[in-house]
2 protein chains.
Amino acid sequence: MKIGELSKRTGVSVRMLRYYEAEGLLKPERTESGYRDYDLKEVRTVERIKLLGAGGMTLPTILQFLSCVRGEGPIFEPCDELRVTLRQQIRLVEEKTEKLAQNRQVLTSFLTEIGEN
Amino acid sequence: MKIGELSKRTGVSVRMLRYYEAEGLLKPERTESGYRDYDLKEVRTVERIKLLGAGGMTLPTILQFLSCVRGEGPIFEPCDELRVTLRQQIRLVEEKTEKLAQNRQVLTSFLTEIGEN
DNA sequence: TTAAGGTCTGACAGCGCTGTCAGAGTCAAG
DNA sequence: CTTGACTCTGACAGCGCTGTCAGACCTTAA
């Protein structure tokens, strides 16, 4: 299928699909005239990438265990690398959360200082 | 005082002090030769900007109520605009926190799917 | 006087996407 | 064949800082 269709099926913009490719996440065939030609199963791949991205992962990070994500199975192949990365990522999210909590603290203390009314 | 000294006193890099100025947060005098000449009280101003920045505020946001921050008082002048902005900012931090919680959720569910061992 | 160290301006780079635009070729339906 | 919709590549822009480098001037102490 061509890029426009993949875009409609996944909800990921054409621009971003090309970007995924630039980052090494997708490697579609090409027609004689140079059009990208995606295999139907890439729909699943893209949806997984999308989901992981929604989890705060950067594309290079996702690329690290792309082989797991490209699996045919219903979910993911059990993949040590993926497990490790997921844990690191969760840790990262937790750190960001802590920092936000600190930010909130700073701001509320200011609010208190000048009177909360 | 010159920019280097202000930098040492506040812990804010020379680069960033110049950036503050570019964003309209500081307006130091100039010596005949063009050197920035800061008033001693600007140390306090810079420290407040720094603190608000640590709270996640962007410089343009801080600029909005700079008059409150530049006050001579020990803390801030009671300033309606500041109060409003602080509340918005806190709301913003809360939204970011919620999003991070969702991210975490996505990641942990993946971890569960492939087995947590 | 000289040399070191501070300062000046301006600009490039990077982070991680994401939209958009330009100029050109391709494909399909009428 | 023509037209509109789609695709291609490449590049510019923006978010909000932050470091760094270049080329040139200033200041201060030896």
# chains A, B, ... in the order shown; residues from 1 in each chain; ligands from 1
>>> calpha_fit_and_write(fixed="chain B", moving="chain A", output="compact mmCIF listing (two decimals) with C-alpha atoms, in the first residue's frame")
# COMPACT_ATOMS: atom_id res chain seq x y z
CA MET A 1 29.21 45.12 38.66
CA LYS A 2 30.21 43.40 35.45
CA ILE A 3 28.59 40.33 34.02
CA GLY A 4 31.22 37.91 35.25
CA GLU A 5 30.71 38.89 38.83
CA LEU A 6 26.95 38.69 38.59
CA SER A 7 27.40 35.26 37.13
CA LYS A 8 29.52 34.12 40.06
CA ARG A 9 27.16 35.59 42.60
CA THR A 10 24.08 33.98 41.13
CA GLY A 11 25.41 30.81 39.62
CA VAL A 12 23.76 31.71 36.33
CA SER A 13 26.10 31.46 33.36
CA VAL A 14 27.25 34.56 31.52
CA ARG A 15 25.58 33.17 28.46
CA MET A 16 22.24 32.98 30.21
CA LEU A 17 22.52 36.44 31.73
CA ARG A 18 22.89 37.83 28.25
CA TYR A 19 19.97 35.71 27.20
CA TYR A 20 17.84 37.12 30.01
CA GLU A 21 18.60 40.52 28.62
CA ALA A 22 17.72 39.50 25.09
CA GLU A 23 14.38 38.30 26.43
CA GLY A 24 13.80 41.61 28.17
CA LEU A 25 14.28 40.43 31.75
CA LEU A 26 17.33 42.53 32.52
CA LYS A 27 18.36 45.95 31.28
CA PRO A 28 21.80 46.76 32.69
CA GLU A 29 23.55 50.08 32.23
CA ARG A 30 26.51 50.20 29.90
CA THR A 31 29.96 51.58 30.57
CA GLU A 32 31.56 53.88 28.02
CA SER A 33 33.26 50.95 26.43
CA GLY A 34 30.05 48.98 26.18
CA TYR A 35 30.41 46.64 29.12
CA ARG A 36 27.23 45.68 30.95
CA ASP A 37 27.09 47.31 34.37
CA TYR A 38 24.64 45.70 36.77
CA ASP A 39 23.19 47.22 39.89
CA LEU A 40 23.80 45.18 43.00
CA LYS A 41 20.09 44.62 43.54
CA GLU A 42 19.85 42.70 40.29
CA VAL A 43 21.41 39.79 42.13
CA ARG A 44 18.09 39.32 43.83
CA THR A 45 16.19 39.70 40.58
CA VAL A 46 18.30 37.05 38.91
CA GLU A 47 17.86 34.67 41.81
CA ARG A 48 14.13 35.03 41.60
CA ILE A 49 14.13 34.47 37.88
CA LYS A 50 16.25 31.41 38.45
CA LEU A 51 13.86 30.07 41.03
CA LEU A 52 10.81 30.63 38.88
CA GLY A 53 12.59 28.97 36.01
CA ALA A 54 13.23 26.01 38.29
CA GLY A 55 9.46 25.96 38.73
CA GLY A 56 9.13 25.26 35.03
CA MET A 57 8.28 28.74 33.85
CA THR A 58 9.59 29.97 30.54
CA LEU A 59 11.31 33.34 30.45
CA PRO A 60 8.53 35.01 28.44
CA THR A 61 6.09 33.89 31.12
CA ILE A 62 8.26 35.33 33.86
CA LEU A 63 8.57 38.51 31.87
CA GLN A 64 4.82 39.01 32.12
CA PHE A 65 5.01 39.93 35.76
CA LEU A 66 8.59 41.04 35.94
CA SER A 67 7.58 44.20 37.74
CA CYS A 68 6.52 42.10 40.71
CA VAL A 69 9.75 40.16 40.68
CA ARG A 70 11.86 43.29 40.54
CA GLY A 71 10.30 44.58 43.73
CA GLU A 72 12.58 45.67 46.56
CA GLY A 73 10.65 43.83 49.22
CA PRO A 74 11.83 40.68 50.93
CA ILE A 75 9.54 38.52 48.81
CA PHE A 76 7.18 39.72 46.13
CA GLU A 77 4.84 42.63 46.00
CA PRO A 78 1.32 41.33 46.22
CA CYS A 79 0.54 41.30 42.54
CA ASP A 80 -2.63 40.00 41.00
CA GLU A 81 -0.98 39.23 37.72
CA LEU A 82 1.64 37.13 39.41
CA ARG A 83 -1.00 35.24 41.34
CA VAL A 84 -2.94 34.45 38.19
CA THR A 85 0.14 33.32 36.33
CA LEU A 86 1.26 31.16 39.19
CA ARG A 87 -2.08 29.39 39.23
CA GLN A 88 -1.99 28.81 35.49
CA GLN A 89 1.52 27.53 35.81
CA ILE A 90 0.60 25.12 38.55
CA ARG A 91 -2.26 23.91 36.42
CA LEU A 92 0.18 23.36 33.59
CA VAL A 93 2.50 21.35 35.79
CA GLU A 94 -0.42 19.24 36.89
CA GLU A 95 -1.37 18.53 33.32
CA LYS A 96 2.15 17.44 32.50
CA THR A 97 2.11 15.21 35.54
CA GLU A 98 -1.09 13.59 34.40
CA LYS A 99 0.35 12.95 31.00
CA LEU A 100 3.41 11.34 32.53
CA ALA A 101 1.14 9.13 34.58
CA GLN A 102 -0.51 8.01 31.37
CA ASN A 103 2.87 7.36 29.80
CA ARG A 104 3.84 5.26 32.75
CA GLN A 105 0.62 3.36 32.41
CA VAL A 106 1.26 2.59 28.76
CA LEU A 107 4.75 1.37 29.48
CA THR A 108 3.84 -0.79 32.45
CA SER A 109 1.02 -2.41 30.54
CA PHE A 110 3.52 -3.39 27.88
CA LEU A 111 5.78 -4.82 30.52
CA THR A 112 2.88 -6.82 31.85
CA GLU A 113 1.96 -8.13 28.44
CA ILE A 114 5.37 -9.60 27.79
CA GLY A 115 5.73 -10.93 31.30
CA GLU A 116 7.35 -9.06 34.13
CA ASN A 117 10.07 -11.55 34.98
>>> select_by_dssp(residues="chain A", states="alpha helix (DSSP H)", output="ChimeraX atom specification")
/A:3-10,14-22,42-54,59-64,66-69,80-113
>>> write_last_selection(atoms="C-alpha atoms", output="PDB file, in the first residue's frame")
ATOM      1  CA  ILE A   3       1.980   6.029   2.129  1.00  0.00           C
ATOM      2  CA  GLY A   4      -1.338   7.855   2.065  1.00  0.00           C
ATOM      3  CA  GLU A   5      -3.266   4.735   2.840  1.00  0.00           C
ATOM      4  CA  LEU A   6      -0.949   3.710   5.635  1.00  0.00           C
ATOM      5  CA  SER A   7      -1.403   7.172   7.039  1.00  0.00           C
ATOM      6  CA  LYS A   8      -5.185   6.844   7.024  1.00  0.00           C
ATOM      7  CA  ARG A   9      -5.095   3.403   8.549  1.00  0.00           C
ATOM      8  CA  THR A  10      -2.800   4.371  11.380  1.00  0.00           C
ATOM      9  CA  VAL A  14       2.481  11.142   5.997  1.00  0.00           C
ATOM     10  CA  ARG A  15       5.173  13.458   7.217  1.00  0.00           C
ATOM     11  CA  MET A  16       5.803  11.323  10.264  1.00  0.00           C
ATOM     12  CA  LEU A  17       5.795   8.065   8.333  1.00  0.00           C
ATOM     13  CA  ARG A  18       8.593   9.431   6.212  1.00  0.00           C
ATOM     14  CA  TYR A  19      10.307  10.546   9.368  1.00  0.00           C
ATOM     15  CA  TYR A  20      10.046   7.055  10.839  1.00  0.00           C
ATOM     16  CA  GLU A  21      11.830   5.835   7.770  1.00  0.00           C
ATOM     17  CA  ALA A  22      14.535   8.473   8.057  1.00  0.00           C
ATOM     18  CA  GLU A  42       3.458  -2.609   8.794  1.00  0.00           C
ATOM     19  CA  VAL A  43       0.155  -1.211   9.993  1.00  0.00           C
ATOM     20  CA  ARG A  44       0.716  -3.111  13.185  1.00  0.00           C
ATOM     21  CA  THR A  45       4.313  -1.985  13.414  1.00  0.00           C
ATOM     22  CA  VAL A  46       3.321   1.641  13.060  1.00  0.00           C
ATOM     23  CA  GLU A  47       0.622   1.304  15.677  1.00  0.00           C
ATOM     24  CA  ARG A  48       3.097  -0.108  18.117  1.00  0.00           C
ATOM     25  CA  ILE A  49       5.588   2.632  17.421  1.00  0.00           C
ATOM     26  CA  LYS A  50       2.813   5.124  17.937  1.00  0.00           C
ATOM     27  CA  LEU A  51       1.877   3.596  21.237  1.00  0.00           C
ATOM     28  CA  LEU A  52       5.433   3.506  22.516  1.00  0.00           C
ATOM     29  CA  GLY A  53       5.852   7.084  21.442  1.00  0.00           C
ATOM     30  CA  ALA A  54       2.757   7.920  23.465  1.00  0.00           C
ATOM     31  CA  LEU A  59      12.201   7.125  18.077  1.00  0.00           C
ATOM     32  CA  PRO A  60      15.893   6.268  18.499  1.00  0.00           C
ATOM     33  CA  THR A  61      14.991   4.504  21.731  1.00  0.00           C
ATOM     34  CA  ILE A  62      12.261   2.533  20.021  1.00  0.00           C
ATOM     35  CA  LEU A  63      14.671   1.688  17.257  1.00  0.00           C
ATOM     36  CA  GLN A  64      16.878  -0.116  19.755  1.00  0.00           C
ATOM     37  CA  LEU A  66      12.631  -2.626  16.819  1.00  0.00           C
ATOM     38  CA  SER A  67      13.076  -6.307  16.091  1.00  0.00           C
ATOM     39  CA  CYS A  68      10.790  -7.091  19.013  1.00  0.00           C
ATOM     40  CA  VAL A  69       8.211  -4.604  17.858  1.00  0.00           C
ATOM     41  CA  ASP A  80      15.210  -8.999  27.073  1.00  0.00           C
ATOM     42  CA  GLU A  81      16.329  -5.825  25.423  1.00  0.00           C
ATOM     43  CA  LEU A  82      12.804  -4.523  25.297  1.00  0.00           C
ATOM     44  CA  ARG A  83      12.278  -5.352  28.948  1.00  0.00           C
ATOM     45  CA  VAL A  84      15.408  -3.491  29.964  1.00  0.00           C
ATOM     46  CA  THR A  85      14.533  -0.461  27.895  1.00  0.00           C
ATOM     47  CA  LEU A  86      11.023  -0.387  29.235  1.00  0.00           C
ATOM     48  CA  ARG A  87      12.314  -0.339  32.786  1.00  0.00           C
ATOM     49  CA  GLN A  88      14.755   2.454  32.022  1.00  0.00           C
ATOM     50  CA  GLN A  89      11.991   4.362  30.353  1.00  0.00           C
ATOM     51  CA  ILE A  90       9.684   3.978  33.296  1.00  0.00           C
ATOM     52  CA  ARG A  91      12.466   5.172  35.540  1.00  0.00           C
ATOM     53  CA  LEU A  92      12.872   8.180  33.302  1.00  0.00           C
ATOM     54  CA  VAL A  93       9.190   8.989  33.486  1.00  0.00           C
ATOM     55  CA  GLU A  94       9.349   8.745  37.238  1.00  0.00           C
ATOM     56  CA  GLU A  95      12.231  11.169  37.367  1.00  0.00           C
ATOM     57  CA  LYS A  96      10.359  13.656  35.251  1.00  0.00           C
ATOM     58  CA  THR A  97       7.379  13.270  37.524  1.00  0.00           C
ATOM     59  CA  GLU A  98       9.504  13.999  40.548  1.00  0.00           C
ATOM     60  CA  LYS A  99      10.872  17.095  38.939  1.00  0.00           C
ATOM     61  CA  LEU A 100       7.382  18.304  38.139  1.00  0.00           C
ATOM     62  CA  ALA A 101       6.434  17.753  41.751  1.00  0.00           C
ATOM     63  CA  GLN A 102       9.324  19.987  42.751  1.00  0.00           C
ATOM     64  CA  ASN A 103       8.231  22.602  40.245  1.00  0.00           C
ATOM     65  CA  ARG A 104       4.763  22.530  41.674  1.00  0.00           C
ATOM     66  CA  GLN A 105       6.221  22.941  45.110  1.00  0.00           C
ATOM     67  CA  VAL A 106       8.200  26.003  44.095  1.00  0.00           C
ATOM     68  CA  LEU A 107       5.179  27.610  42.518  1.00  0.00           C
ATOM     69  CA  THR A 108       2.788  26.914  45.366  1.00  0.00           C
ATOM     70  CA  SER A 109       5.234  28.260  47.892  1.00  0.00           C
ATOM     71  CA  PHE A 110       5.336  31.487  45.926  1.00  0.00           C
ATOM     72  CA  LEU A 111       1.581  31.602  45.920  1.00  0.00           C
ATOM     73  CA  THR A 112       1.597  31.133  49.656  1.00  0.00           C
ATOM     74  CA  GLU A 113       4.125  33.877  50.179  1.00  0.00           C
TER      75      GLU A 113
END
>>> atom_distance(atom1="C1' of DG14 (chain D)", atom2="C1' of DA11 (chain C)")
17.6 Å
>>> interface_residues(of="chain C", to="chain B", cutoff="9 Å", atoms="only C-alpha atoms (C1' of nucleotides)", output="list in words")
DG6, DT7 and DC8 of chain C
>>> interface_residues(of="chain D", to="chain A", cutoff="9 Å", atoms="only C-alpha atoms (C1' of nucleotides)", output="mmCIF file with N, CA and C atoms (P, O5', C5', C4', C3', O3' and C1' of nucleotides), in the first residue's frame")
data_model
loop_
_atom_site.group_PDB
_atom_site.id
_atom_site.type_symbol
_atom_site.label_atom_id
_atom_site.label_comp_id
_atom_site.auth_asym_id
_atom_site.auth_seq_id
_atom_site.Cartn_x
_atom_site.Cartn_y
_atom_site.Cartn_z
ATOM 1 P P DC D 6 -5.925 12.643 -2.506
ATOM 2 O "O5'" DC D 6 -4.473 12.023 -2.724
ATOM 3 C "C5'" DC D 6 -4.345 10.832 -3.466
ATOM 4 C "C4'" DC D 6 -2.887 10.619 -3.857
ATOM 5 C "C3'" DC D 6 -1.889 10.804 -2.699
ATOM 6 O "O3'" DC D 6 -1.311 9.526 -2.406
ATOM 7 C "C1'" DC D 6 -1.089 11.732 -4.755
ATOM 8 P P DT D 7 -0.305 9.381 -1.198
ATOM 9 O "O5'" DT D 7 1.117 9.577 -1.887
ATOM 10 C "C5'" DT D 7 1.535 8.691 -2.920
ATOM 11 C "C4'" DT D 7 2.866 9.144 -3.489
ATOM 12 C "C3'" DT D 7 3.886 9.519 -2.408
ATOM 13 O "O3'" DT D 7 4.835 8.466 -2.248
ATOM 14 C "C1'" DT D 7 3.853 11.091 -4.222
ATOM 15 P P DC D 8 6.066 8.672 -1.268
ATOM 16 O "O5'" DC D 8 7.061 9.589 -2.116
ATOM 17 C "C5'" DC D 8 7.679 9.048 -3.272
ATOM 18 C "C4'" DC D 8 8.669 10.029 -3.856
ATOM 19 C "C3'" DC D 8 9.607 10.630 -2.807
ATOM 20 O "O3'" DC D 8 10.794 9.890 -2.680
ATOM 21 C "C1'" DC D 8 8.741 12.324 -4.289
#
>>> atom_distance(atom1="C1' of DC25 (chain D)", atom2="C1' of DT9 (chain C)")
11.0 Å
>>> atom_distance(atom1="C1' of DG23 (chain D)", atom2="C1' of DA13 (chain C)")
19.0 Å
>>> residues_around(residues="DT2 (chain D)", least_positions_apart="6", cutoff="12 Å", atoms="only C-alpha atoms (C1' of nucleotides)", output="ChimeraX atom specification")
/C:28-30
>>> write_last_selection(atoms="N, CA and C atoms (P, O5', C5', C4', C3', O3' and C1' of nucleotides)", output="PDB file, in the first residue's frame")
ATOM      1  P    DA C  28      -2.657   3.692 -10.945  1.00  0.00           P
ATOM      2  O5'  DA C  28      -4.110   4.350 -11.057  1.00  0.00           O
ATOM      3  C5'  DA C  28      -4.632   5.055  -9.933  1.00  0.00           C
ATOM      4  C4'  DA C  28      -5.785   5.928 -10.380  1.00  0.00           C
ATOM      5  C3'  DA C  28      -6.778   5.220 -11.303  1.00  0.00           C
ATOM      6  O3'  DA C  28      -8.098   5.415 -10.826  1.00  0.00           O
ATOM      7  C1'  DA C  28      -6.023   7.246 -12.297  1.00  0.00           C
ATOM      8  P    DA C  29      -9.264   4.495 -11.566  1.00  0.00           P
ATOM      9  O5'  DA C  29     -10.376   5.594 -11.872  1.00  0.00           O
ATOM     10  C5'  DA C  29     -10.538   6.698 -10.986  1.00  0.00           C
ATOM     11  C4'  DA C  29     -11.098   7.887 -11.749  1.00  0.00           C
ATOM     12  C3'  DA C  29     -12.222   7.505 -12.719  1.00  0.00           C
ATOM     13  O3'  DA C  29     -13.257   8.469 -12.647  1.00  0.00           O
ATOM     14  C1'  DA C  29     -10.497   8.618 -13.896  1.00  0.00           C
ATOM     15  P    DG C  30     -14.622   8.167 -13.543  1.00  0.00           P
ATOM     16  O5'  DG C  30     -14.642   9.363 -14.582  1.00  0.00           O
ATOM     17  C5'  DG C  30     -14.416  10.707 -14.130  1.00  0.00           C
ATOM     18  C4'  DG C  30     -14.220  11.626 -15.331  1.00  0.00           C
ATOM     19  C3'  DG C  30     -15.280  11.443 -16.423  1.00  0.00           C
ATOM     20  O3'  DG C  30     -15.559  12.704 -17.030  1.00  0.00           O
ATOM     21  C1'  DG C  30     -13.151  11.049 -17.341  1.00  0.00           C
TER      22       DG C  30
END
>>> select_by_dssp(residues="chain B", states="strand (DSSP E)", output="MDAnalysis selection string")
chainID B and resid 29:30 36:37
>>> residues_around(residues="DA11 (chain D)", least_positions_apart="3", cutoff="12 Å", atoms="only C-alpha atoms (C1' of nucleotides)", output="list of chain:residue names")
C:DT20, C:DC21, C:DA22
